[in-house]
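Student: Following this message is one structure expressed as structure tokens.
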Amino acid sequence: MRNCDRVRATLAFERVDRLPCTEWAPWWDQTIYRWREEGLPARFPVGREGMVAIQEWLGLDLMYQINIRSTADSYPQVPHGQGLVSDVASYEALRDHLYPEIDWETMIPDWVRRRHAKGELAVWLTVEGFFWWPRRLFGIERHFYAFYDQPELMKRINEDQVAFIKRVFCQATDILVPEFMTFAEDMSYNHGPMLSEETFNEFEAPYFREVVPLIKSRGVIPIVDSDGNIESCVPWFLACGLEGILPLERQSGVDVARLRRNHPTLRLVGGFDKMTMNRGTEAMRAEWERLLPVMRQGGFIPGCDHQTPPGVSLAQYRDYMSLMFEYAERGAEGEARR
């Protein structure tokens with residue numbers, strides 16, 4: 001079965017020969033530096049640039065992210081958590097650096113197009129969501145105040161983001177149709193969301209409802225990417241037409257079995273507790289056993305619940321991979337729901 005077909009069929013709750021064996025997130029740079037001392041060729045760059053090459057070297061299924069940022073290369077650099085927008089005038093002053101035209105030859109290079117067309121390389125698309133994007137402009141602290149102090153500016157920013165997402169999504173899918181896409185949100189921490197349902201319904205839901213139908217009309221599954229414990233937010237997203245969640249961080253308390261029980265059609269990506277990866281084979285096997293019942297229900301691409309930490313050796317990662325392939329076959333033994 002071709003890689004792209006396997007990813008699509010898994011997310012559609014259809015039967016597969018085995019589940020995909022891949023990583024959606026790149027490994028930490030410190031993890032790559034460690035692995036270079038343990039046998040990983042130094043020619044592979046860190047970050048997303050080397051993702052596919054390292055996947056191929058390791059023997060994983062190949063996955064490539066088209067990561068579309070809403071800022072141009074000319075956007076001024078600011079420290080993490082800080083922003084440049086404080087009012088309408090500062091937003092207007094930045095407009096020349098926002099919502100850029102995309103160089104698609106660079107964003108989706110020819111080798112990606114060719115390998116995707118052959119079914120070898122699964123592709124997913126990422127845009128900045130309606131919590132993430134205003135936060136990046138305002139900065140973390142000002143963003144939270146802006147819900148109350150500058151609601152009209154918040155809404156205007158997200159209206160502009162809707163127009164940008166529609167434009168770039170149509171352009172991207174004219175080139176190739178990704179297996180799924182994500183909205184980068186990161187709107188939860190380990191005790192739950194950082195905003196109320198009422199605030200979500202005012203400041204996010206209308207914009208999701210405007211873009212999600214377009215996404216689904218082109219056969220793409222829309223998924224929310226949020227760290228932390230996102231479980232209580234799932235009904236909010238489902239009501240807007242979104243269909244999946246990643247990365248399902250175990251350390252924040254996310255339980256994939258509970259999620260599937262409460263939301264039977266929810267697509268799941270990730271979920272494997274990365275903190276077990278340096279504790280030995282039996283600890284990792286126990287974690288795969290925890291996930292196996294949900295794997296057998298379909299609609300679940302299991303993998304590390306975020307970037308593999310540098311405490312994991314290359315040998316330990318290979319043990320993790322060996323178990324992944326074993327359980328990918330066992331996970332395909334269940335009854336598909338559709």
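Ligands are numbered from 1 in the order shown, chains are lettered A, B, ... in the order of the structure tokens, and residues start at 1 in each chain.
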Leaving out Arg115 (chain A) and any residue of its chain fewer than 6 positions from it, which residues lie within 12 Å of it when counting only C-alpha atoms, given as an NGL selection string?
Tutor: :A and (2-4 or 52 or 62-64 or 108-109 or 121-123 or 176)
Student: Quick one: which region 187-255 of chain A residues come within 10 Å of region 134-157 of chain A, and what is the nearest atom pair for each with the distance in Å to one decimal, counting only C-alpha atoms, rows ordered by chain and ascending number, as a Markdown table?
Tutor:
```
| residue | atom | partner | partner_atom | distance |
| --- | --- | --- | --- | --- |
| A:Met187 | CA | A:Arg135 | CA | 10.0 |
| A:Met194 | CA | A:Phe144 | CA | 9.1 |
| A:Leu195 | CA | A:Phe144 | CA | 8.8 |
| A:Thr199 | CA | A:Phe147 | CA | 8.0 |
| A:Glu202 | CA | A:Lys155 | CA | 9.0 |
| A:Phe203 | CA | A:Lys155 | CA | 6.6 |
| A:Glu204 | CA | A:Lys155 | CA | 8.7 |
| A:Pro206 | CA | A:Lys155 | CA | 9.7 |
| A:Tyr207 | CA | A:Lys155 | CA | 9.1 |
```
Student: The selected residues should be written to file as an mmCIF file, in the first residue's frame (atoms: N, CA and C atoms).
Tutor:
```cif
data_model
loop_
_atom_site.group_PDB
_atom_site.id
_atom_site.type_symbol
_atom_site.label_atom_id
_atom_site.label_comp_id
_atom_site.auth_asym_id
_atom_site.auth_seq_id
_atom_site.Cartn_x
_atom_site.Cartn_y
_atom_site.Cartn_z
ATOM 1 N N MET A 187 -3.464 26.667 22.281
ATOM 2 C CA MET A 187 -4.334 27.482 23.133
ATOM 3 C C MET A 187 -4.641 26.824 24.474
ATOM 4 N N MET A 194 -6.807 28.229 27.558
ATOM 5 C CA MET A 194 -6.467 29.551 28.094
ATOM 6 C C MET A 194 -7.540 30.583 27.782
ATOM 7 N N LEU A 195 -8.687 30.143 27.309
ATOM 8 C CA LEU A 195 -9.819 31.038 27.077
ATOM 9 C C LEU A 195 -11.102 30.251 27.300
ATOM 10 N N THR A 199 -15.602 33.027 24.889
ATOM 11 C CA THR A 199 -14.604 33.810 24.157
ATOM 12 C C THR A 199 -14.237 33.121 22.849
ATOM 13 N N GLU A 202 -16.869 33.737 20.217
ATOM 14 C CA GLU A 202 -16.878 35.087 19.658
ATOM 15 C C GLU A 202 -15.673 35.366 18.777
ATOM 16 N N PHE A 203 -14.495 34.906 19.208
ATOM 17 C CA PHE A 203 -13.256 35.347 18.569
ATOM 18 C C PHE A 203 -12.604 34.309 17.656
ATOM 19 N N GLU A 204 -13.046 33.066 17.696
ATOM 20 C CA GLU A 204 -12.446 32.054 16.831
ATOM 21 C C GLU A 204 -13.455 31.327 15.952
ATOM 22 N N PRO A 206 -16.292 31.944 14.417
ATOM 23 C CA PRO A 206 -16.774 32.469 13.126
ATOM 24 C C PRO A 206 -15.763 32.318 12.001
ATOM 25 N N TYR A 207 -14.480 32.382 12.315
ATOM 26 C CA TYR A 207 -13.441 32.337 11.288
ATOM 27 C C TYR A 207 -13.165 30.896 10.861
#
```
Student: Taking the DSSP secondary structure from the backbone, can you list the residues of region 7-153 of chain A that are strand (DSSP E or B), as an NGL selection string?
Tutor: :A and (62-67 or 71 or 82 or 98 or 121-128 or 139)
Student: Using N, CA and C atoms, can you export the residues from the last selection as a compact mmCIF listing (two decimals), in the first residue's frame?
Tutor:
```txt
# COMPACT_ATOMS: atom_id res chain seq x y z
N LEU A 62 7.48 8.46 4.95
CA LEU A 62 7.91 9.84 4.71
C LEU A 62 6.73 10.81 4.82
N MET A 63 6.98 11.92 5.52
CA MET A 63 5.96 12.95 5.67
C MET A 63 6.63 14.32 5.59
N TYR A 64 5.99 15.24 4.87
CA TYR A 64 6.55 16.57 4.63
C TYR A 64 5.51 17.62 5.00
N GLN A 65 5.96 18.64 5.73
CA GLN A 65 5.06 19.72 6.14
C GLN A 65 5.25 20.95 5.26
N ILE A 66 4.15 21.46 4.72
CA ILE A 66 4.13 22.77 4.06
C ILE A 66 3.69 23.77 5.12
N ASN A 67 4.63 24.49 5.68
CA ASN A 67 4.36 25.37 6.82
C ASN A 67 4.26 26.82 6.34
N THR A 71 3.55 35.92 8.00
CA THR A 71 4.47 37.05 7.95
C THR A 71 5.44 36.88 6.79
N GLN A 82 6.83 38.16 22.63
CA GLN A 82 6.57 39.58 22.47
C GLN A 82 6.00 39.86 21.08
N LEU A 98 2.95 41.59 6.27
CA LEU A 98 2.00 40.54 6.63
C LEU A 98 1.31 40.01 5.36
N LEU A 121 5.42 10.18 -0.60
CA LEU A 121 5.62 11.24 0.40
C LEU A 121 4.26 11.82 0.80
N ALA A 122 3.83 11.54 2.02
CA ALA A 122 2.61 12.16 2.53
C ALA A 122 2.90 13.62 2.86
N VAL A 123 1.94 14.47 2.61
CA VAL A 123 2.13 15.91 2.79
C VAL A 123 1.01 16.46 3.66
N TRP A 124 1.40 17.37 4.56
CA TRP A 124 0.38 18.09 5.33
C TRP A 124 0.70 19.57 5.32
N LEU A 125 -0.34 20.36 5.42
CA LEU A 125 -0.26 21.81 5.29
C LEU A 125 -0.57 22.44 6.64
N THR A 126 0.15 23.48 7.02
CA THR A 126 -0.09 24.17 8.28
C THR A 126 -0.27 25.66 8.04
N VAL A 127 -1.29 26.23 8.68
CA VAL A 127 -1.48 27.68 8.72
C VAL A 127 -1.63 28.09 10.18
N GLU A 128 -1.48 29.38 10.44
CA GLU A 128 -1.61 29.89 11.80
C GLU A 128 -3.08 30.13 12.12
N GLY A 139 1.82 39.70 21.02
CA GLY A 139 2.61 39.22 22.14
C GLY A 139 1.67 38.61 23.17
```
Student: Between CA of His191 (chain A) and CA of Trp27 (chain A), measure the distance and give it in Å to one decimal.
Tutor: 25.5 Å
Student: Show which residues sit within 9 Å of Leu94 (chain A), as a VMD selection string. Count only C-alpha atoms, and ignore same-chain residues fewer than 4 positions away.
Tutor: chain A and resid 75 84 to 85 89 to 90 98
Student: Val7 (chain A): which residues within 8 Å, counting only C-alpha atoms, same-chain residues fewer than 6 positions away excluded, as a ChimeraX atom specification?
Tutor: /A:19-20,122,179,301
